[in-house]
There are 2 protein chains.
Amino acid sequence: MNLIVQKYGGTSVADVSCIKRVARRVKRTWNQGTKVVVVVSARSGVTNDLISRANAIRKQPDDREMDMLMACGEQETISLLAMALHALSVPAVSMTGWQAGILTDGNHSRARIREITGGSIRKHLRKNKVVVLAGFQGLDDDGDLTTFGRGGSDLSAIAMAGALNAKTCQIFTDVDGVYSADPRTVPDARKIPAISYEEMLELASSGSKVMQTRAVEFAQKHNVVFEVRSTFSNKTGTTVKKKVKSLEDMLVSGVAIDNNQVRISVTDLPDRPGAAASVFKVMSETGVVVDMIVQNVARNGKANLTFTVPSEDAFRAEKALKEEFANGGGGKLGRSTKIAKISVVGVGMRSHSGVASKFFEALAEVGVNMLMISTSEIKISVAVNPDDGEMATRVAHAAFGLGK
Amino acid sequence: MNLIVQKYGGTSVADVSCIKRVARRVKRTWNQGTKVVVVVSARSGVTNDLISRANAIRKQPDDREMDMLMACGEQETISLLAMALHALSVPAVSMTGWQAGILTDGNHSRARIREITGGSIRKHLRKNKVVVLAGFQGLDDDGDLTTFGRGGSDLSAIAMAGALNAKTCQIFTDVDGVYSADPRTVPDARKIPAISYEEMLELASSGSKVMQTRAVEFAQKHNVVFEVRSTFSNKTGTTVKKKVKSLEDMLVSGVAIDNNQVRISVTDLPDRPGAAASVFKVMSETGVVVDMIVQNVARNGKANLTFTVPSEDAFRAEKALKEEFANGGGGKLGRSTKIAKISVVGVGMRSHSGVASKFFEALAEVGVNMLMISTSEIKISVAVNPDDGEMATRVAHAAFGLGK
């Protein structure tokens, strides 16, 4: 089908005048003769209002009821946007997640999509109507409403684009694409015209939060091509797809910085199998995601273990470890420090040695000390002092010739 | 089933503390070992907010989209009330209209209920859960959301009570029952313990707007007994049912006043068949509901016609009539005046003459001039000058011995 799926987030539909602007944009696309499905989020602020009302009633509200509550947010937006399209003489019809047959498992607040039937979407599209779909929500086997968690509307858009075999899926956001580095830190950062799913995932998990990783993973799995672009301009954005051919065969696509990690040290760990594992078992049971891990070689039968966790989880992680050690688990909790994680990402580095040495040399030249190093197939990350983070990003960006 | 259906309107669930109070009330009922279905409206103010946002986008929004928008209001309330019940350790589950299988025709904003399947309500009730149901809304054959219009949540409650064969249906409101007259006008007005559907309907249509007539008509048709009572007290309210036995065999149950009518006069109407009919055809085409009608005997081949319409429709009615007369329809528009309509209502008057004469004598004694009279089987209404309205209500109330 000659179909475009467009997704607009909460800031793009924040109020009546924003909604009217989105309607004009949708009309332009529809006027070109393509079918259009528009996926929208709740107006920004609405979700927080609903949550604060729920919390005024109960500190930990039931998940099922939170999903029932949250689903109101998008339902408001879809009807308002449909009205705004009508006002521009564009035939349009709003649909909730359940009406569009977005079927999920029963994990409230973090449901996974199982199947998309589409409901009457195809019928409406055949009549040349714009379908305005509520993002972020679906229906489980019990007939209960479910929601997808953070970035859920991106997921709805990409999954629907896949199910309807859309020509493309456009994710409208407040940035005009994926950049080789954060332009606020690196003034000569370049917009990347095309990027692979893998690189997009590594950049996202390294702190360039243009999109949540979950929607990108879904697109990768189902091979859905999408474009990240700006609501506020007409510029082409960044296309995200399976294989990206680059004329220059770039080794590195981008440099990301994550200022939101804390390094936790465990000293005096018994040097026997299972000692480190028991530390990460505690982290896992506490629900803390561990990122970089370094273990020193043991001396005198004791080893040191260092790892990073998101700042908001640091207190919880330390508390759990203290209890573990107090209860006889081997080890001592060292001092925790904030770090900045700098990552260079690129599918090109897979077949090239030399990326790591170039990266490390660049840091050494400006006297930035590396506290930890971790690598994946297409990413090299180093932890540095938070004060060195921006400088490290700039020199890495320059070292790989990513500037304009 | 040992089931009570309770309905709480928008002012009863206006904010978090109101919702908590309703939850405590529901818990008391549930603690007595009965099953409970609670039907709620949108928080007061929410519906108006949604409407004003829609109107900022479009003056006459599409009916289907308005229903999609309006349905958010109750969906918010049901989840918040379910959470408030959880906080009191009462197992509860929220359900939208479509989840409860409330199936309607496709007349958006004024849908009529066709069937109620109940969805999984019975399953939840068997598990002793309180079901919190969204009032005012249903689902049509196309899978679209529909709403019922004014008083729609009363209708949901009564229809659900009928479908589930509930023991009783309690309509919680801001008054503690149906009174023999408005206590603000008649200080010794008495709460009526029990009243018939017919009397309730006549009182409602005569200006005692405790409930919309539509829900009462539904209850009458399906023989659903319900009680109107206050959210803010524990007093027994007024039971509305088919036949009411009164120890005193009251001729008259209540006196109602309607200050919201305008009397329109048409003079010089040709005295031929169809002349009056054409006037009411115009009113019907304009969508104006005509209430009292008086036609004088014709003199000199001309007749005078007087009728009343709701104040908010008066301008529209006059405009339509002027056009009709300008286009050659016989008649002239006379001067319109506001009136007050006083009605005495009671099933007892059916078999008794003398009610009219007692009513009229009471008005004559205090010098109140009757401008129009109309009667039904169980109601006598007179139109009087607005300034005489309250006095007329008080003397009628006293004449039929309705005081405490």
# chains A, B, ... in the order shown; residues from 1 in each chain; ligands from 1
>>> interface_residues(of="chain A", to="chain B", cutoff="9 Å", atoms="only C-alpha atoms", output="PyMOL selection string")
chain A and resi 15-17+19-20+50+53-54+56-58+61-62+64-73+75-84+86-87+93-96+99+120+142-144
>>> select_by_dssp(residues="region 158-227 of chain B", states="strand (DSSP E)", output="list in words")
Thr168, Cys169, Gln170, Ile171, Phe172, Thr173, Ala194, Ile195, Ser196, Phe226 and Glu227 of chain B
>>> write_last_selection(atoms="C-alpha atoms", output="short mmCIF file (atom, residue, chain, number, x, y, z; two decimals), in the first residue's frame")
data_model
loop_
_atom_site.label_atom_id
_atom_site.label_comp_id
_atom_site.auth_asym_id
_atom_site.auth_seq_id
_atom_site.Cartn_x
_atom_site.Cartn_y
_atom_site.Cartn_z
CA THR B 168 -31.79 -2.26 43.96
CA CYS B 169 -30.24 0.65 42.13
CA GLN B 170 -29.19 3.68 44.16
CA ILE B 171 -28.80 6.99 42.36
CA PHE B 172 -26.57 9.15 44.57
CA THR B 173 -26.99 12.85 43.94
CA ALA B 194 -41.86 6.42 47.54
CA ILE B 195 -43.17 7.61 44.21
CA SER B 196 -44.34 5.99 40.97
CA PHE B 226 -34.38 2.63 42.04
CA GLU B 227 -33.73 4.99 44.91
#
>>> residues_around(residues="Ser205 (chain A)", least_positions_apart="4", cutoff="10 Å", atoms="only C-alpha atoms", output="VMD selection string")
chain A and resid 199 to 201 209 211 to 213 256 to 258 291 343
>>> select_by_dssp(residues="region 64-176 of chain B", states="helix (DSSP H, G or I)", output="PyMOL selection string")
chain B and resi 64-87+121-126+152-163
>>> write_last_selection(atoms="N, CA and C atoms", output="tab-separated table (two decimals), in the first residue's frame")
chain	number	residue	atom	x	y	z
B	64	ARG	N	-19.05	11.56	16.09
B	64	ARG	CA	-18.28	10.37	16.45
B	64	ARG	C	-17.05	10.75	17.25
B	65	GLU	N	-16.35	11.80	16.80
B	65	GLU	CA	-15.12	12.21	17.49
B	65	GLU	C	-15.43	12.82	18.86
B	66	MET	N	-16.57	13.52	18.97
B	66	MET	CA	-16.95	14.05	20.28
B	66	MET	C	-17.19	12.90	21.27
B	67	ASP	N	-17.81	11.82	20.79
B	67	ASP	CA	-18.04	10.68	21.68
B	67	ASP	C	-16.72	10.04	22.11
B	68	MET	N	-15.78	9.94	21.15
B	68	MET	CA	-14.45	9.41	21.47
B	68	MET	C	-13.81	10.27	22.57
B	69	LEU	N	-13.97	11.59	22.43
B	69	LEU	CA	-13.37	12.53	23.39
B	69	LEU	C	-14.08	12.46	24.74
B	70	MET	N	-15.40	12.53	24.72
B	70	MET	CA	-16.18	12.54	25.97
B	70	MET	C	-15.93	11.27	26.79
B	71	ALA	N	-15.77	10.15	26.12
B	71	ALA	CA	-15.63	8.87	26.82
B	71	ALA	C	-14.39	8.83	27.71
B	72	CYS	N	-13.42	9.72	27.45
B	72	CYS	CA	-12.23	9.79	28.31
B	72	CYS	C	-12.60	10.17	29.74
B	73	GLY	N	-13.61	11.02	29.89
B	73	GLY	CA	-13.96	11.56	31.20
B	73	GLY	C	-14.28	10.48	32.21
B	74	GLU	N	-15.16	9.56	31.86
B	74	GLU	CA	-15.54	8.50	32.79
B	74	GLU	C	-14.40	7.49	32.96
B	75	GLN	N	-13.63	7.30	31.88
B	75	GLN	CA	-12.53	6.33	31.97
B	75	GLN	C	-11.52	6.75	33.03
B	76	GLU	N	-11.31	8.06	33.14
B	76	GLU	CA	-10.42	8.56	34.20
B	76	GLU	C	-11.01	8.23	35.57
B	77	THR	N	-12.29	8.54	35.76
B	77	THR	CA	-12.91	8.35	37.07
B	77	THR	C	-12.90	6.89	37.51
B	78	ILE	N	-13.22	5.97	36.61
B	78	ILE	CA	-13.32	4.56	37.03
B	78	ILE	C	-11.98	4.04	37.53
B	79	SER	N	-10.89	4.43	36.85
B	79	SER	CA	-9.60	3.90	37.31
B	79	SER	C	-9.22	4.51	38.65
B	80	LEU	N	-9.48	5.82	38.82
B	80	LEU	CA	-9.15	6.46	40.10
B	80	LEU	C	-9.98	5.87	41.24
B	81	LEU	N	-11.27	5.61	40.99
B	81	LEU	CA	-12.10	5.05	42.06
B	81	LEU	C	-11.68	3.62	42.39
B	82	ALA	N	-11.31	2.85	41.35
B	82	ALA	CA	-10.82	1.49	41.62
B	82	ALA	C	-9.57	1.54	42.50
B	83	MET	N	-8.66	2.49	42.21
B	83	MET	CA	-7.45	2.64	43.04
B	83	MET	C	-7.82	3.02	44.47
B	84	ALA	N	-8.80	3.92	44.62
B	84	ALA	CA	-9.21	4.35	45.96
B	84	ALA	C	-9.82	3.17	46.73
B	85	LEU	N	-10.50	2.29	46.05
B	85	LEU	CA	-11.04	1.10	46.71
B	85	LEU	C	-9.91	0.15	47.10
B	86	HIS	N	-8.94	-0.02	46.21
B	86	HIS	CA	-7.77	-0.84	46.54
B	86	HIS	C	-7.09	-0.32	47.81
B	87	ALA	N	-7.00	1.01	47.90
B	87	ALA	CA	-6.34	1.62	49.06
B	87	ALA	C	-7.08	1.30	50.35
B	121	ILE	N	-18.41	-8.78	33.74
B	121	ILE	CA	-18.89	-8.25	35.03
B	121	ILE	C	-19.28	-9.39	35.98
B	122	ARG	N	-20.05	-10.35	35.47
B	122	ARG	CA	-20.53	-11.44	36.36
B	122	ARG	C	-19.36	-12.22	36.94
B	123	LYS	N	-18.35	-12.46	36.09
B	123	LYS	CA	-17.16	-13.19	36.56
B	123	LYS	C	-16.50	-12.44	37.71
B	124	HIS	N	-16.32	-11.11	37.52
B	124	HIS	CA	-15.70	-10.31	38.57
B	124	HIS	C	-16.56	-10.29	39.84
B	125	LEU	N	-17.87	-10.19	39.69
B	125	LEU	CA	-18.76	-10.14	40.86
B	125	LEU	C	-18.70	-11.47	41.62
B	126	ARG	N	-18.63	-12.57	40.89
B	126	ARG	CA	-18.53	-13.88	41.56
B	126	ARG	C	-17.29	-13.96	42.42
B	152	GLY	N	-26.87	10.53	31.13
B	152	GLY	CA	-26.50	9.24	30.58
B	152	GLY	C	-26.02	8.24	31.62
B	153	SER	N	-25.37	8.73	32.68
B	153	SER	CA	-24.86	7.80	33.69
B	153	SER	C	-26.01	7.20	34.50
B	154	ASP	N	-27.07	7.97	34.74
B	154	ASP	CA	-28.26	7.41	35.40
B	154	ASP	C	-28.80	6.26	34.56
B	155	LEU	N	-28.83	6.49	33.25
B	155	LEU	CA	-29.33	5.46	32.33
B	155	LEU	C	-28.46	4.21	32.41
B	156	SER	N	-27.12	4.38	32.40
B	156	SER	CA	-26.22	3.23	32.50
B	156	SER	C	-26.51	2.42	33.75
B	157	ALA	N	-26.69	3.13	34.88
B	157	ALA	CA	-26.89	2.46	36.16
B	157	ALA	C	-28.20	1.67	36.15
B	158	ILE	N	-29.25	2.31	35.69
B	158	ILE	CA	-30.56	1.65	35.71
B	158	ILE	C	-30.59	0.48	34.73
B	159	ALA	N	-30.00	0.68	33.54
B	159	ALA	CA	-29.98	-0.40	32.55
B	159	ALA	C	-29.15	-1.58	33.05
B	160	MET	N	-28.01	-1.29	33.70
B	160	MET	CA	-27.16	-2.36	34.21
B	160	MET	C	-27.86	-3.08	35.37
B	161	ALA	N	-28.55	-2.32	36.23
B	161	ALA	CA	-29.31	-2.94	37.33
B	161	ALA	C	-30.36	-3.90	36.77
B	162	GLY	N	-31.00	-3.48	35.68
B	162	GLY	CA	-32.00	-4.34	35.04
B	162	GLY	C	-31.36	-5.59	34.45
B	163	ALA	N	-30.25	-5.40	33.72
B	163	ALA	CA	-29.60	-6.51	33.04
B	163	ALA	C	-29.07	-7.55	34.02
>>> closest_residue(among="B:Val178, B:Val289, B:Ala303, B:Ile192", to="Gly330 (chain B)", atoms="only C-alpha atoms")
B:Ala303
>>> closest_residue(among="A:Lys341, A:Lys167, A:Arg350, A:His397", to="Ser206 (chain A)", atoms="only C-alpha atoms")
A:Lys341
>>> atom_distance(atom1="CA of Val344 (chain A)", atom2="CA of Phe232 (chain A)")
28.8 Å
>>> residues_around(residues="Leu103 (chain B)", least_positions_apart="6", cutoff="8 Å", atoms="only C-alpha atoms", output="list in words")
Ile113, Arg114, Glu115, Ile116, Thr117, Gly138, Leu139, Asp140 and Asp141 of chain B
>>> write_last_selection(atoms="C-alpha atoms", output="PDB file, in the first residue's frame")
ATOM      1  CA  ILE B 113     -29.061   1.116  24.548  1.00  0.00           C
ATOM      2  CA  ARG B 114     -29.956  -1.996  22.546  1.00  0.00           C
ATOM      3  CA  GLU B 115     -28.514  -4.741  24.671  1.00  0.00           C
ATOM      4  CA  ILE B 116     -26.271  -5.295  27.672  1.00  0.00           C
ATOM      5  CA  THR B 117     -24.170  -8.458  27.642  1.00  0.00           C
ATOM      6  CA  GLY B 138     -21.423   2.305  25.040  1.00  0.00           C
ATOM      7  CA  LEU B 139     -20.339   0.705  21.779  1.00  0.00           C
ATOM      8  CA  ASP B 140     -22.176   0.567  18.447  1.00  0.00           C
ATOM      9  CA  ASP B 141     -22.213  -2.124  15.749  1.00  0.00           C
TER      10      ASP B 141
END
>>> residues_around(residues="Gly329 (chain B)", least_positions_apart="5", cutoff="10 Å", atoms="only C-alpha atoms", output="list of chain:residue names")
B:Leu269, B:Pro270, B:Ala275, B:Ser278, B:Val279, B:Leu321, B:Lys322, B:Glu323, B:Glu324
>>> atom_distance(atom1="CA of Ile264 (chain B)", atom2="CA of Ser336 (chain B)")
4.7 Å
>>> closest_residue(among="B:Gln6, B:Thr393, B:Glu318, B:Ala399", to="Arg184 (chain B)", atoms="only C-alpha atoms")
B:Thr393
>>> closest_atom_pairs(of="region 200-299 of chain B", to="region 382-392 of chain B", cutoff="10 Å", atoms="only C-alpha atoms", output="Markdown table")
| residue | atom | partner | partner_atom | distance |
| --- | --- | --- | --- | --- |
| B:Val255 | CA | B:Ala392 | CA | 9.7 |
| B:Ile257 | CA | B:Gly389 | CA | 7.2 |
| B:Asp258 | CA | B:Gly389 | CA | 8.6 |
| B:Asn259 | CA | B:Pro386 | CA | 6.9 |
| B:Asn260 | CA | B:Pro386 | CA | 9.5 |
| B:Gln261 | CA | B:Ala383 | CA | 9.2 |
| B:Val262 | CA | B:Ala383 | CA | 9.9 |
| B:Arg263 | CA | B:Ala383 | CA | 8.8 |
| B:Met292 | CA | B:Ala383 | CA | 8.5 |
>>> atom_distance(atom1="CA of Pro187 (chain A)", atom2="CA of Thr238 (chain A)")
18.5 Å
>>> residues_around(residues="Ala356 (chain B)", least_positions_apart="4", cutoff="12 Å", atoms="only C-alpha atoms", output="VMD selection string")
chain B and resid 251 to 252 343 to 346 349 to 350 352 360 to 363 373 to 382 396 399 to 400
>>> closest_residue(among="A:Arg272, A:Glu312, A:Gly254, A:Ser265", to="Leu371 (chain A)", atoms="only C-alpha atoms")
A:Ser265
>>> closest_residue(among="B:Arg24, B:Arg110, B:Lys35, B:Arg190", to="Ile4 (chain B)", atoms="only C-alpha atoms")
B:Lys35
